[in-house]
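Raw start_25.txt, compact mmCIF, C-alpha atoms:
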# COMPACT_ATOMS: atom_id res chain seq x y z
CA MET B 65 0.00 0.00 0.00
CA SER B 66 1.51 3.33 -0.92
CA PRO B 67 1.25 5.83 1.89
CA LEU B 68 -1.68 8.19 2.02
CA ILE B 69 -0.70 11.78 1.26
CA SER B 70 -1.74 14.02 4.14
CA ARG B 71 -3.38 16.97 2.42
CA GLY B 72 -1.75 20.20 3.49
CA PHE B 73 1.03 18.56 5.47
CA GLY B 74 4.42 20.01 4.64
CA GLY B 75 6.47 18.59 7.45
CA ARG B 76 9.48 20.25 8.93
CA ARG B 77 12.66 18.74 7.68
CA ARG B 78 15.64 19.81 9.70
CA ARG B 79 18.18 21.41 7.40
CA ASP B 80 20.97 20.96 9.93
CA VAL B 81 20.63 17.19 9.86
CA ASP B 82 21.89 14.72 7.27
CA PRO B 83 18.78 12.66 6.37
CA ALA B 84 21.01 9.61 5.82
CA ARG B 85 21.62 9.52 9.58
CA ILE B 86 17.94 9.30 10.47
CA PRO B 87 16.31 5.85 10.41
CA PRO B 88 12.78 5.62 8.97
CA GLY B 89 10.04 7.13 11.14
CA GLN B 90 12.49 8.90 13.47
CA TYR B 91 12.93 12.62 14.16
CA VAL B 92 15.87 14.41 15.71
CA VAL B 93 15.66 15.96 19.16
CA ASP B 94 18.12 18.21 20.95
CA ASP B 95 17.06 17.35 24.50
CA PHE B 96 17.26 13.92 26.09
CA PRO B 97 13.79 12.47 26.73
CA VAL B 98 13.33 9.96 29.55
CA LEU B 99 11.32 6.78 29.20
CA SER B 100 11.07 3.94 31.64
CA ALA B 101 8.41 1.58 32.89
CA GLY B 102 8.61 2.27 36.61
CA PRO B 103 10.21 4.39 39.31
CA THR B 104 13.90 5.22 38.98
CA PRO B 105 15.74 2.78 41.27
CA THR B 106 18.42 3.97 43.62
CA VAL B 107 21.53 1.96 44.35
CA SER B 108 24.46 2.94 46.50
CA LEU B 109 27.80 2.61 44.76
CA ASP B 110 29.18 0.48 47.64
CA GLN B 111 26.52 -2.10 46.85
CA TRP B 112 26.88 -1.87 43.09
CA THR B 113 28.46 -4.72 41.17
CA PHE B 114 28.52 -5.70 37.54
CA SER B 115 28.43 -9.43 36.83
CA ILE B 116 28.79 -11.83 33.97
CA THR B 117 26.72 -14.89 34.80
CA GLY B 118 25.02 -17.84 33.12
CA ALA B 119 26.71 -20.08 30.57
CA VAL B 120 30.28 -19.28 31.59
CA ASP B 121 33.06 -21.38 33.06
CA GLU B 122 33.53 -18.87 35.84
CA PRO B 123 31.19 -15.99 36.57
CA ALA B 124 32.92 -12.61 36.78
CA SER B 125 32.02 -9.65 38.94
CA TRP B 126 33.38 -6.15 39.48
CA SER B 127 32.76 -3.63 42.23
CA TRP B 128 32.20 0.00 41.23
CA GLU B 129 35.86 0.84 41.91
CA GLU B 130 37.09 -2.17 39.98
CA PHE B 131 34.75 -1.31 37.13
CA LEU B 132 36.07 2.24 36.87
CA ALA B 133 39.61 0.83 36.76
CA LEU B 134 38.84 -1.21 33.62
CA PRO B 135 40.05 0.16 30.29
CA SER B 136 37.40 2.61 29.12
CA GLU B 137 36.50 4.21 25.83
CA GLU B 138 34.89 7.42 24.77
CA ILE B 139 32.04 6.77 22.41
CA ARG B 140 30.38 9.31 20.14
CA THR B 141 27.26 7.91 18.56
CA ASP B 142 23.70 8.51 17.37
CA ILE B 143 20.93 6.92 19.41
CA HIS B 144 17.42 6.01 18.31
CA CYS B 145 14.46 5.45 20.63
CA VAL B 146 11.52 3.32 19.50
CA THR B 147 9.23 6.18 20.57
CA LYS B 148 10.55 8.00 17.46
CA TRP B 149 13.22 10.36 18.73
CA SER B 150 16.81 10.19 17.65
CA LYS B 151 19.65 12.11 19.21
CA LEU B 152 22.82 12.65 17.24
CA ASP B 153 26.45 12.74 18.35
CA THR B 154 25.84 11.73 21.95
CA ALA B 155 29.05 11.42 23.98
CA TRP B 156 29.56 8.59 26.43
CA LYS B 157 32.33 6.97 28.40
CA GLY B 158 32.22 3.34 29.36
CA VAL B 159 33.71 -0.11 29.18
CA SER B 160 33.39 -2.17 26.04
CA VAL B 161 31.52 -5.44 26.50
CA ASP B 162 34.50 -7.02 24.70
CA VAL B 163 36.66 -6.05 27.68
CA LEU B 164 34.14 -7.59 30.08
CA LEU B 165 34.11 -10.83 28.12
CA GLU B 166 37.87 -10.95 27.54
CA HIS B 167 38.57 -13.72 30.04
CA VAL B 168 35.22 -15.42 29.70
CA ASP B 169 35.02 -18.74 27.94
CA THR B 170 31.51 -19.25 26.60
CA ALA B 171 29.52 -20.82 23.82
CA ALA B 172 26.56 -18.51 24.52
CA GLU B 173 24.54 -17.27 21.58
CA PHE B 174 22.38 -14.80 23.48
CA VAL B 175 22.64 -12.49 26.45
CA SER B 176 20.05 -11.13 28.82
CA ALA B 177 20.96 -7.81 30.42
CA PHE B 178 19.62 -7.58 33.95
CA CYS B 179 19.06 -4.41 35.90
CA ASP B 180 18.05 -2.80 39.16
CA GLY B 181 14.28 -2.58 39.18
CA GLY B 182 13.92 -6.00 37.54
CA TYR B 183 14.15 -4.87 33.91
CA THR B 184 15.71 -7.26 31.43
CA THR B 185 16.40 -7.08 27.72
CA ASN B 186 17.66 -9.82 25.41
CA LEU B 187 20.28 -9.51 22.71
CA PRO B 188 22.06 -11.89 20.36
CA PHE B 189 25.66 -12.38 21.52
CA ALA B 190 26.75 -11.11 18.13
CA ASP B 191 25.06 -7.74 18.82
CA VAL B 192 27.07 -7.00 21.96
CA THR B 193 30.54 -8.04 20.83
CA ASP B 194 33.08 -6.72 18.30
CA GLY B 195 32.96 -3.12 19.47
CA GLN B 196 29.19 -2.75 19.29
CA ALA B 197 28.23 -2.46 22.95
CA TRP B 198 29.46 -0.78 26.13
CA VAL B 199 28.52 -0.38 29.75
CA ALA B 200 28.49 3.42 29.99
CA TYR B 201 28.83 5.46 33.17
CA GLU B 202 29.41 8.97 31.82
CA PHE B 203 27.31 11.11 29.51
CA ASP B 204 28.65 14.41 28.16
CA GLY B 205 31.60 14.24 30.53
CA GLU B 206 29.44 13.91 33.65
CA PRO B 207 28.46 10.90 35.73
CA LEU B 208 25.38 9.35 34.15
CA GLU B 209 22.25 10.66 35.88
CA PRO B 210 19.87 8.13 37.47
CA VAL B 211 16.97 9.10 35.17
CA HIS B 212 19.15 8.21 32.20
CA GLY B 213 20.23 4.92 33.72
CA GLY B 214 23.02 5.91 36.11
CA PRO B 215 25.20 4.78 37.67
CA ALA B 216 25.66 2.66 34.53
CA ARG B 217 23.65 1.59 31.53
CA LEU B 218 24.20 -0.67 28.61
CA LEU B 219 24.90 1.19 25.37
CA VAL B 220 24.04 -0.67 22.16
CA PRO B 221 23.52 2.23 19.79
CA HIS B 222 22.93 0.22 16.61
CA LEU B 223 19.64 -1.09 18.08
CA TYR B 224 16.61 0.82 19.39
CA PHE B 225 17.50 2.38 22.70
CA TRP B 226 15.36 0.17 24.95
CA LYS B 227 18.08 -2.45 24.34
CA SER B 228 20.51 -0.03 26.02
CA ALA B 229 19.20 -1.10 29.41
CA LYS B 230 19.29 1.49 32.18
CA TRP B 231 20.62 0.62 35.66
CA VAL B 232 22.32 -2.46 34.22
CA ARG B 233 23.94 -4.80 36.73
CA GLY B 234 25.10 -7.60 34.55
CA LEU B 235 24.84 -9.84 31.54
CA GLU B 236 23.53 -13.36 31.76
CA LEU B 237 25.02 -15.48 28.97
CA LEU B 238 22.54 -17.92 27.48
CA ASP B 239 22.50 -20.71 24.94
CA HIS B 240 18.91 -19.77 24.05
CA ASP B 241 17.00 -16.54 23.51
CA GLU B 242 14.97 -15.26 26.44
CA PRO B 243 12.74 -12.30 25.47
CA GLY B 244 13.03 -9.47 27.98
CA PHE B 245 10.65 -6.88 29.38
CA TRP B 246 9.61 -4.90 26.30
CA GLU B 247 10.19 -7.88 24.05
CA THR B 248 7.37 -9.71 25.85
CA ASN B 249 5.22 -6.56 25.81
CA GLY B 250 4.74 -6.17 22.09
CA TYR B 251 8.11 -4.82 20.99
CA HIS B 252 10.41 -6.39 18.43
CA ASN B 253 12.82 -9.07 19.54
CA ARG B 254 15.88 -7.50 17.91
CA GLY B 255 14.95 -3.85 17.24
CA ASP B 256 17.07 -2.69 14.29
CA PRO B 257 16.05 0.95 13.69
CA TRP B 258 17.23 0.86 10.07
CA LYS B 259 14.74 -1.93 9.39
CA GLU B 260 12.17 -0.14 11.54
CA GLN B 261 11.77 -3.22 13.75
CA ARG B 262 9.64 -1.50 16.37
CA TYR B 263 6.95 -4.03 17.17
CA TRP B 264 6.81 -7.79 17.14
CA SER B 265 5.30 -8.05 13.67
CA ASP B 266 7.69 -5.57 11.99
CA MET P 90 5.05 -18.82 5.94
CA GLU P 91 2.91 -20.65 8.41
CA ARG P 92 2.89 -19.36 11.94
CA LEU P 93 3.47 -21.88 14.67
CA ALA P 94 1.74 -20.01 17.47
CA PRO P 95 -1.31 -17.76 17.42
CA GLN P 96 -0.21 -14.15 17.44
CA PRO P 97 -2.06 -10.86 17.72
CA ALA P 98 -2.87 -9.07 14.46
CA PRO P 99 0.21 -7.58 12.75
CA LEU P 100 0.58 -3.86 13.27
CA THR P 101 -0.10 -2.73 9.74
CA TRP P 102 -0.81 0.86 8.74
CA ARG P 103 -4.53 1.50 8.55
CA VAL P 104 -6.43 4.40 7.06
CA ALA P 105 -8.63 6.11 9.64
CA THR P 106 -11.22 8.75 8.82
CA LEU P 107 -11.82 11.70 11.09
CA ALA P 108 -15.47 11.56 12.18
CA ARG P 109 -15.29 14.70 14.28
CA LEU P 110 -13.09 16.89 16.41
CA GLN P 111 -13.82 17.56 20.01
CA PRO P 112 -12.06 20.55 21.58
CA GLU P 113 -10.97 19.72 25.14
CA THR P 114 -8.93 22.69 26.33
CA SER P 115 -7.31 25.68 24.66
CA SER P 116 -4.44 23.44 23.59
CA ALA P 117 -5.90 19.93 23.41
CA THR P 118 -8.30 18.42 20.91
CA THR P 119 -9.71 14.93 20.66
CA LEU P 120 -9.78 13.28 17.24
CA ILE P 121 -12.72 10.92 16.98
CA LEU P 122 -11.81 8.41 14.30
CA ASP P 123 -13.46 5.70 12.28
CA VAL P 124 -10.96 2.88 11.87
CA PRO P 125 -12.26 0.04 9.71
CA GLU P 126 -11.43 -3.38 11.15
CA TRP P 127 -9.81 -1.91 14.27
CA PRO P 128 -8.58 -5.03 16.11
CA GLY P 129 -9.51 -3.62 19.52
CA HIS P 130 -7.24 -2.37 22.27
CA LEU P 131 -6.63 -2.31 25.99
CA ALA P 132 -7.08 0.85 28.03
CA GLY P 133 -3.65 2.50 28.30
CA GLN P 134 -2.34 1.56 24.87
CA HIS P 135 -1.29 3.99 22.16
CA VAL P 136 -1.13 4.25 18.39
CA ASP P 137 1.47 5.54 15.97
CA VAL P 138 0.22 8.19 13.57
CA ARG P 139 2.03 8.77 10.26
CA LEU P 140 1.75 11.83 8.06
CA THR P 141 3.11 11.92 4.53
CA ALA P 142 3.88 15.10 2.59
CA GLU P 143 3.41 15.32 -1.16
CA ASP P 144 7.10 14.70 -1.76
CA GLY P 145 7.02 11.50 0.29
CA TYR P 146 8.54 12.97 3.46
CA GLN P 147 7.01 11.29 6.50
CA ALA P 148 6.63 12.10 10.17
CA GLU P 149 5.48 9.65 12.83
CA ARG P 150 4.37 10.28 16.40
CA SER P 151 2.71 8.23 19.12
CA TYR P 152 -0.57 9.21 20.79
CA SER P 153 -2.37 7.60 23.68
CA ILE P 154 -5.82 6.21 23.07
CA ALA P 155 -8.47 8.07 25.08
CA SER P 156 -11.45 5.87 24.24
CA ALA P 157 -12.50 2.70 26.01
CA PRO P 158 -12.17 -0.55 24.09
CA GLN P 159 -15.97 -0.69 24.16
CA ASP P 160 -16.42 2.65 22.38
CA ALA P 161 -17.59 2.72 18.78
CA HIS P 162 -14.87 5.14 17.68
CA LEU P 163 -11.19 5.40 18.39
CA ALA P 164 -10.44 8.66 20.21
CA LEU P 165 -6.99 10.27 20.41
CA THR P 166 -6.51 13.38 22.51
CA VAL P 167 -3.72 15.48 21.06
CA GLU P 168 -1.97 18.23 22.95
CA ARG P 169 -0.98 20.92 20.50
CA ILE P 170 2.71 21.69 20.77
CA ASP P 171 3.07 25.11 19.18
CA ASP P 172 6.38 24.44 17.49
CA GLY P 173 5.60 20.76 16.94
CA GLU P 174 5.67 19.12 13.55
CA VAL P 175 2.67 16.83 13.79
CA SER P 176 0.32 17.97 16.56
CA PRO P 177 -0.57 21.39 15.04
CA TYR P 178 -1.51 19.59 11.83
CA LEU P 179 -3.75 17.16 13.70
CA THR P 180 -5.48 19.80 15.82
CA ASP P 181 -5.68 22.67 13.31
CA GLU P 182 -5.50 21.35 9.76
CA LEU P 183 -7.45 18.14 9.86
CA HIS P 184 -11.16 18.32 9.08
CA PRO P 185 -13.94 15.77 9.46
CA GLY P 186 -13.82 13.39 6.51
CA ASP P 187 -10.02 13.68 6.21
CA GLN P 188 -8.01 10.51 6.34
CA LEU P 189 -5.04 9.64 8.45
CA GLU P 190 -2.69 6.66 8.68
CA LEU P 191 -2.23 4.94 11.99
CA ARG P 192 -1.18 1.62 13.40
CA GLY P 193 -1.71 -0.07 16.72
CA PRO P 194 -2.67 -0.77 19.36
CA ILE P 195 0.83 -0.60 20.83
CA GLY P 196 2.17 -1.38 24.29
CA GLY P 197 1.38 -4.33 26.50
CA TYR P 198 2.55 -3.00 29.85
CA PHE P 199 0.88 0.29 30.75
CA THR P 200 -2.57 -1.23 30.39
CA TRP P 201 -5.54 -2.08 32.55
CA ASN P 202 -8.37 -4.47 31.91
CA ALA P 203 -11.46 -4.67 34.13
CA ALA P 204 -10.66 -8.36 34.64
CA ASP P 205 -7.37 -7.29 36.33
CA GLY P 206 -9.47 -5.76 39.12
CA GLY P 207 -8.49 -2.97 41.47
CA PRO P 208 -7.99 -0.97 43.48
CA LEU P 209 -6.61 1.54 41.01
CA LEU P 210 -4.49 4.57 41.77
CA LEU P 211 -4.25 6.80 38.71
CA LEU P 212 -1.99 9.84 38.70
CA GLY P 213 -1.96 12.04 35.63
CA GLY P 214 -0.06 15.22 34.84
CA GLY P 215 -1.32 17.36 31.94
CA SER P 216 -2.09 15.25 28.90
CA GLY P 217 -0.78 12.24 30.84
CA LEU P 218 -4.41 11.94 31.85
CA VAL P 219 -5.31 10.55 28.40
CA PRO P 220 -4.48 6.84 28.90
CA LEU P 221 -5.85 7.03 32.46
CA MET P 222 -9.13 8.35 31.06
CA ALA P 223 -9.29 5.33 28.78
CA MET P 224 -9.03 3.20 31.94
CA LEU P 225 -11.83 5.11 33.68
CA ARG P 226 -14.01 4.89 30.58
CA HIS P 227 -13.29 1.19 30.30
CA ARG P 228 -14.04 0.73 34.00
CA ALA P 229 -17.44 2.40 33.55
CA ALA P 230 -18.28 0.58 30.31
CA ALA P 231 -17.35 -2.78 31.83
CA LYS P 232 -19.39 -1.94 34.95
CA SER P 233 -16.31 -2.76 36.99
CA ASP P 234 -16.58 -2.15 40.72
CA ALA P 235 -12.81 -1.69 41.11
CA ALA P 236 -12.25 1.27 43.44
CA ALA P 237 -10.30 4.01 41.71
CA THR P 238 -8.52 7.00 43.17
CA VAL P 239 -7.48 9.60 40.64
CA LEU P 240 -5.17 12.56 41.05
CA VAL P 241 -5.20 15.06 38.21
CA SER P 242 -2.43 17.64 38.02
CA ALA P 243 -2.85 20.53 35.58
CA ARG P 244 -1.57 24.07 35.24
CA SER P 245 -5.02 25.64 35.68
CA TRP P 246 -8.66 24.57 35.85
CA GLU P 247 -8.99 25.42 32.16
CA ASP P 248 -6.17 23.01 31.39
CA VAL P 249 -7.87 20.00 32.99
CA LEU P 250 -8.84 17.52 30.28
CA TYR P 251 -12.29 15.88 30.37
CA ARG P 252 -13.39 18.09 33.28
CA ASP P 253 -17.13 17.54 32.93
CA GLU P 254 -16.80 13.85 32.27
CA LEU P 255 -14.49 13.31 35.24
CA ALA P 256 -17.22 14.76 37.47
CA THR P 257 -19.62 12.07 36.24
CA HIS P 258 -17.17 9.31 37.23
CA ASP P 259 -16.65 10.79 40.67
CA ASP P 260 -18.61 9.02 43.43
CA HIS P 261 -19.34 5.84 41.50
CA GLY P 262 -16.48 4.13 43.25
CA VAL P 263 -14.13 6.71 41.79
CA THR P 264 -12.59 9.56 43.76
CA VAL P 265 -11.09 12.34 41.68
CA ARG P 266 -8.86 15.00 43.26
CA TYR P 267 -7.15 17.88 41.54
CA THR P 268 -4.06 19.96 42.01
CA LEU P 269 -3.57 23.11 39.97
CA THR P 270 0.08 24.00 39.70
CA ARG P 271 0.08 27.53 38.30
CA GLU P 272 -3.27 29.18 38.68
CA GLN P 273 -6.32 28.46 40.83
CA PRO P 274 -9.80 29.89 40.29
CA PRO P 275 -11.29 32.07 43.05
CA GLY P 276 -12.59 29.96 45.89
CA TRP P 277 -10.64 26.90 44.72
CA ALA P 278 -11.05 24.11 47.26
CA GLY P 279 -8.69 21.59 45.65
CA TRP P 280 -4.93 21.40 46.00
CA ALA P 281 -2.51 23.94 44.63
CA GLY P 282 1.04 23.35 43.48
CA ARG P 283 3.13 20.41 42.54
CA VAL P 284 2.09 16.97 43.79
CA ASN P 285 3.72 16.34 47.15
CA LEU P 286 3.93 13.75 49.87
CA GLU P 287 1.04 15.23 51.87
CA MET P 288 -1.30 15.13 48.87
CA LEU P 289 -0.45 11.53 48.12
CA ARG P 290 -0.85 10.58 51.75
CA GLU P 291 -4.19 12.41 51.95
CA LEU P 292 -5.42 10.66 48.81
CA GLY P 293 -5.70 7.70 51.12
CA ALA P 294 -4.38 4.98 48.85
CA ASP P 295 -2.93 2.47 51.30
CA PRO P 296 0.62 1.50 50.28
CA GLY P 297 -0.03 -1.90 51.86
CA ALA P 298 -3.02 -2.61 49.60
CA PRO P 299 -2.56 -4.55 46.34
CA LEU P 300 -2.88 -1.37 44.30
CA ARG P 301 -2.45 -1.05 40.58
CA VAL P 302 -0.70 2.27 40.22
CA PHE P 303 -0.44 4.10 36.90
CA VAL P 304 1.50 7.35 36.61
CA CYS P 305 1.57 9.26 33.34
CA GLY P 306 2.73 12.72 32.43
CA PRO P 307 5.78 14.79 31.67
CA THR P 308 9.09 13.33 32.85
CA GLY P 309 9.46 15.67 35.83
CA PHE P 310 5.95 14.86 37.06
CA VAL P 311 6.38 11.11 36.71
CA GLU P 312 9.85 11.01 38.28
CA HIS P 313 8.66 13.05 41.22
CA VAL P 314 5.37 11.24 41.79
CA ALA P 315 6.95 7.80 41.49
CA ASP P 316 9.73 8.78 43.93
CA VAL P 317 7.21 10.08 46.48
CA LEU P 318 5.08 6.93 46.13
CA VAL P 319 8.15 4.81 46.84
CA GLN P 320 8.95 7.03 49.87
CA LEU P 321 5.40 6.44 51.13
CA GLY P 322 6.06 2.73 51.06
CA HIS P 323 4.44 1.73 47.77
CA ASP P 324 6.00 -1.30 46.11
CA PRO P 325 8.00 -0.04 43.07
CA HIS P 326 6.89 -3.12 41.16
CA ARG P 327 3.27 -2.04 41.41
CA ILE P 328 3.98 1.38 39.94
CA LYS P 329 3.67 1.52 36.18
CA THR P 330 4.87 4.70 34.58
CA GLU P 331 4.69 6.31 31.21
CA ARG P 332 6.72 9.46 30.64
CA PHE P 333 6.98 11.93 27.86
CA GLY P 334 9.57 14.62 27.53
CA PRO P 335 9.07 18.21 26.44
CA THR P 336 9.97 17.14 22.95
CA GLY P 337 6.97 15.93 21.13
CA GLY P 338 5.42 17.15 18.11
Let's see the structure in the file written out as structure tokens.
Amino acid sequence: MSPLISRGFGGRRRRDVDPARIPPGQYVVDDFPVLSAGPTPTVSLDQWTFSITGAVDEPASWSWEEFLALPSEEIRTDIHCVTKWSKLDTAWKGVSVDVLLEHVDTAAEFVSAFCDGGYTTNLPFADVTDGQAWVAYEFDGEPLEPVHGGPARLLVPHLYFWKSAKWVRGLELLDHDEPGFWETNGYHNRGDPWKEQRYWSD
Amino acid sequence: MERLAPQPAPLTWRVATLARLQPETSSATTLILDVPEWPGHLAGQHVDVRLTAEDGYQAERSYSIASAPQDAHLALTVERIDDGEVSPYLTDELHPGDQLELRGPIGGYFTWNAADGGPLLLLGGGSGLVPLMAMLRHRAAAKSDAAATVLVSARSWEDVLYRDELATHDDHGVTVRYTLTREQPPGWAGWAGRVNLEMLRELGADPGAPLRVFVCGPTGFVEHVADVLVQLGHDPHRIKTERFGPTGG
């Protein structure tokens, strides 16, 4: 079906934005909207750990201090939320998931990111390795604010942003796929913005 | 390809026709739409609306459904954002008989069905009231006896959506309270100012009760209300939130 032309609708294309950077159905924002399914959890940094669990020979875990001591990267990337906004050239600092998995021996094909507040999201192993995913703890040079997922969130910018789980506390490595919170609530299992995989049937 | 498990209807784009427009406040308008073969929805869900310009340029936005699943038409209440790209078109340019593309219903989490039961605690800021109104309308249409406590936060009395209709829900197992954050009419007996701990305590929703709590509104409202509810001892897992930022369109 070819789309219906909306009589009298001109739209407002942003001239300052390269259209090739905007996935279908998205629009560019300059602020940083907040979306989450429940209250913002609070965690004290003394209690915080990040763990690799599941199908591994030996689970790994870092305290906040140990985590900050891991080799970090600065990441500049565009992010795309399934609720239609995209934000360009966002600046993060965090630890590559490759670093976290460096000493982990696994045959896992999927991961489930688990978080304070009980949120989970599932990802193919291949989507979080090879320089495609980080656990980020700084945004724009400042500690990541709790509303945006602080102290640390997953950052998987090539997928819709719900996959970049806020308040992340670890990755469970799995030999099977285990749909997470939004994935069992009508949203797409993988969520590639360039294929506009918003909802389960997309 | 044959599907192995029954699945809900695919979310394809549908052509809806505007039956009529219902002004709600100076900035909000409800679009009453005919949607052929609408698959039905749950109170709290939303739709994506897509506009296409002559040259093929498209803009998509999400809007909460205001109507109950039982209603004959699909109603979307749209807050006009003056410098928005889509909302001024929907509220000002669209006329009855015009067509519009939409798909949905979307979202399986921020929803309430009469069969889920109560008690309900609904807290809406500004146009965050829209999905909560769908729940109240559904509650009435389903003749549910779930107790519902509603707190409506708006800038002024004129900015309260569905004012007259809310009054008709009040007393039938529903308690509606208001706080006006910027401007109160003379003799105003409701609350004034931002939602606070005292208001939520006075609302009387017992944190120990198996409440179904829905909070919807701008980010600042939702963050604050959810934090205060947690301070009052409400179980964070019972608090469902839906936030929207100042960016919209």
Near chain B, meaning an atom within 8 Å, which residues of chain P appear when counting all atoms listed in the file? Write them as a ChimeraX atom specification.
/P:99-100,104,140-143,145-151,174-175,178,182,188-190,195-199,308,312,315-316,319,325-326,328-336
Report the closest atom pair, with its distance in Å rounded to one decimal, for each residue of segment 137-224 of chain B that has an atom no farther than 7 Å from segment 113-127 of chain B; count all atoms listed in the file, sort by chain and then rising residue number, and write it as a Markdown table.
| residue | atom | partner | partner_atom | distance |
| --- | --- | --- | --- | --- |
| B:Val168 | CA | B:Val120 | CA | 6.5 |
| B:Asp169 | CA | B:Val120 | CA | 6.0 |
| B:Thr170 | CA | B:Val120 | CA | 5.1 |
| B:Ala172 | CA | B:Ala119 | CA | 6.3 |
In terms of the shortest atom-to-atom distance over all atoms listed in the file, which of P:Pro185, P:Pro220, P:Gly213, P:Gly282 is closest to Arg244 of chain P?
P:Gly282
Mind giving me the straight-line distance from atom CA of Leu179 of chain P to atom CA of Ala155 of chain P in Å, one decimal?
15.3 Å
Which polymer residues have any atom within 12 Å of an atom of Gly244 of chain B, counting all atoms listed in the file, with same-chain residues fewer than 5 positions away left out, as a PyMOL selection string?
chain B and resi 174-179+182-187+226-227+229+236+249-254
Output file for the residues above (C-alpha atoms, as a PDB file, in the frame of the given file):
ATOM      1  CA  PHE B 174      22.380 -14.800  23.480  1.00  0.00           C
ATOM      2  CA  VAL B 175      22.640 -12.490  26.450  1.00  0.00           C
ATOM      3  CA  SER B 176      20.050 -11.130  28.820  1.00  0.00           C
ATOM      4  CA  ALA B 177      20.960  -7.810  30.420  1.00  0.00           C
ATOM      5  CA  PHE B 178      19.620  -7.580  33.950  1.00  0.00           C
ATOM      6  CA  CYS B 179      19.060  -4.410  35.900  1.00  0.00           C
ATOM      7  CA  GLY B 182      13.920  -6.000  37.540  1.00  0.00           C
ATOM      8  CA  TYR B 183      14.150  -4.870  33.910  1.00  0.00           C
ATOM      9  CA  THR B 184      15.710  -7.260  31.430  1.00  0.00           C
ATOM     10  CA  THR B 185      16.400  -7.080  27.720  1.00  0.00           C
ATOM     11  CA  ASN B 186      17.660  -9.820  25.410  1.00  0.00           C
ATOM     12  CA  LEU B 187      20.280  -9.510  22.710  1.00  0.00           C
ATOM     13  CA  TRP B 226      15.360   0.170  24.950  1.00  0.00           C
ATOM     14  CA  LYS B 227      18.080  -2.450  24.340  1.00  0.00           C
ATOM     15  CA  ALA B 229      19.200  -1.100  29.410  1.00  0.00           C
ATOM     16  CA  GLU B 236      23.530 -13.360  31.760  1.00  0.00           C
ATOM     17  CA  ASN B 249       5.220  -6.560  25.810  1.00  0.00           C
ATOM     18  CA  GLY B 250       4.740  -6.170  22.090  1.00  0.00           C
ATOM     19  CA  TYR B 251       8.110  -4.820  20.990  1.00  0.00           C
ATOM     20  CA  HIS B 252      10.410  -6.390  18.430  1.00  0.00           C
ATOM     21  CA  ASN B 253      12.820  -9.070  19.540  1.00  0.00           C
ATOM     22  CA  ARG B 254      15.880  -7.500  17.910  1.00  0.00           C
TER      23      ARG B 254
END
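We find atom CA of Trp128 of chain B and atom CA of Gln111 of chain B to be spaced 8.3 Å apart.
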Please compute the atom CA of Val263 of chain P-atom CA of Ala237 of chain P distance, one decimal, in Å.
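These two atoms are separated by 4.7 Å.
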Here is a test: counting all atoms listed in the file, which residue of B:Tyr201, B:Trp231, B:Trp258, B:Tyr224 is nearest to Leu132 of chain B?
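Smallest separation from Leu132 of chain B among the options: B:Tyr201.
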Quick one: everything within 9 Å of Trp280 of chain P, counting all atoms listed in the file, minus sequence neighbours fewer than 5 positions away in the same chain. Send it as an MDAnalysis selection string.
chainID P and resid 266:270 273 288
Contact residues around Ser116 of chain P with all atoms listed in the file at 10 Å, ignoring same-chain residues under 5 positions, as an mmCIF file with C-alpha atoms, in the frame of the given file:
data_model
loop_
_atom_site.group_PDB
_atom_site.id
_atom_site.type_symbol
_atom_site.label_atom_id
_atom_site.label_comp_id
_atom_site.auth_asym_id
_atom_site.auth_seq_id
_atom_site.Cartn_x
_atom_site.Cartn_y
_atom_site.Cartn_z
ATOM 1 C CA VAL P 167 -3.720 15.480 21.060
ATOM 2 C CA GLU P 168 -1.970 18.230 22.950
ATOM 3 C CA ARG P 169 -0.980 20.920 20.500
ATOM 4 C CA ILE P 170 2.710 21.690 20.770
ATOM 5 C CA ASP P 171 3.070 25.110 19.180
ATOM 6 C CA PRO P 177 -0.570 21.390 15.040
ATOM 7 C CA THR P 180 -5.480 19.800 15.820
ATOM 8 C CA GLU P 247 -8.990 25.420 32.160
ATOM 9 C CA ASP P 248 -6.170 23.010 31.390
ATOM 10 C CA LEU P 250 -8.840 17.520 30.280
#
Shell of 9 Å around Phe203 of chain B, all atoms listed in the file, local chain residues under 3 positions omitted, as a list in words
Thr154, Ala155, Trp156, Lys157, Ala200, Glu206, Pro207, Leu208 and Glu209 of chain B
From the list P:Val265, P:Val302, P:Leu318, P:Leu163, which residue is nearest Arg252 of chain P when using all atoms listed in the file?
P:Val265
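Distance check against Pro210 of chain B using only C-alpha atoms: of B:Leu134, B:Leu237, B:Val163, B:Val232, the minimum falls on B:Val232.
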Identify the residues around (-3.8, 0.2, 18.3) within a radius of 12 Å, measuring from all atoms listed in the file in the coordinates stated by the file, and give them as a PyMOL selection string.
(chain B and resi 250+263) or (chain P and resi 97-103+105+124+126-138+151-158+163-165+190-197)
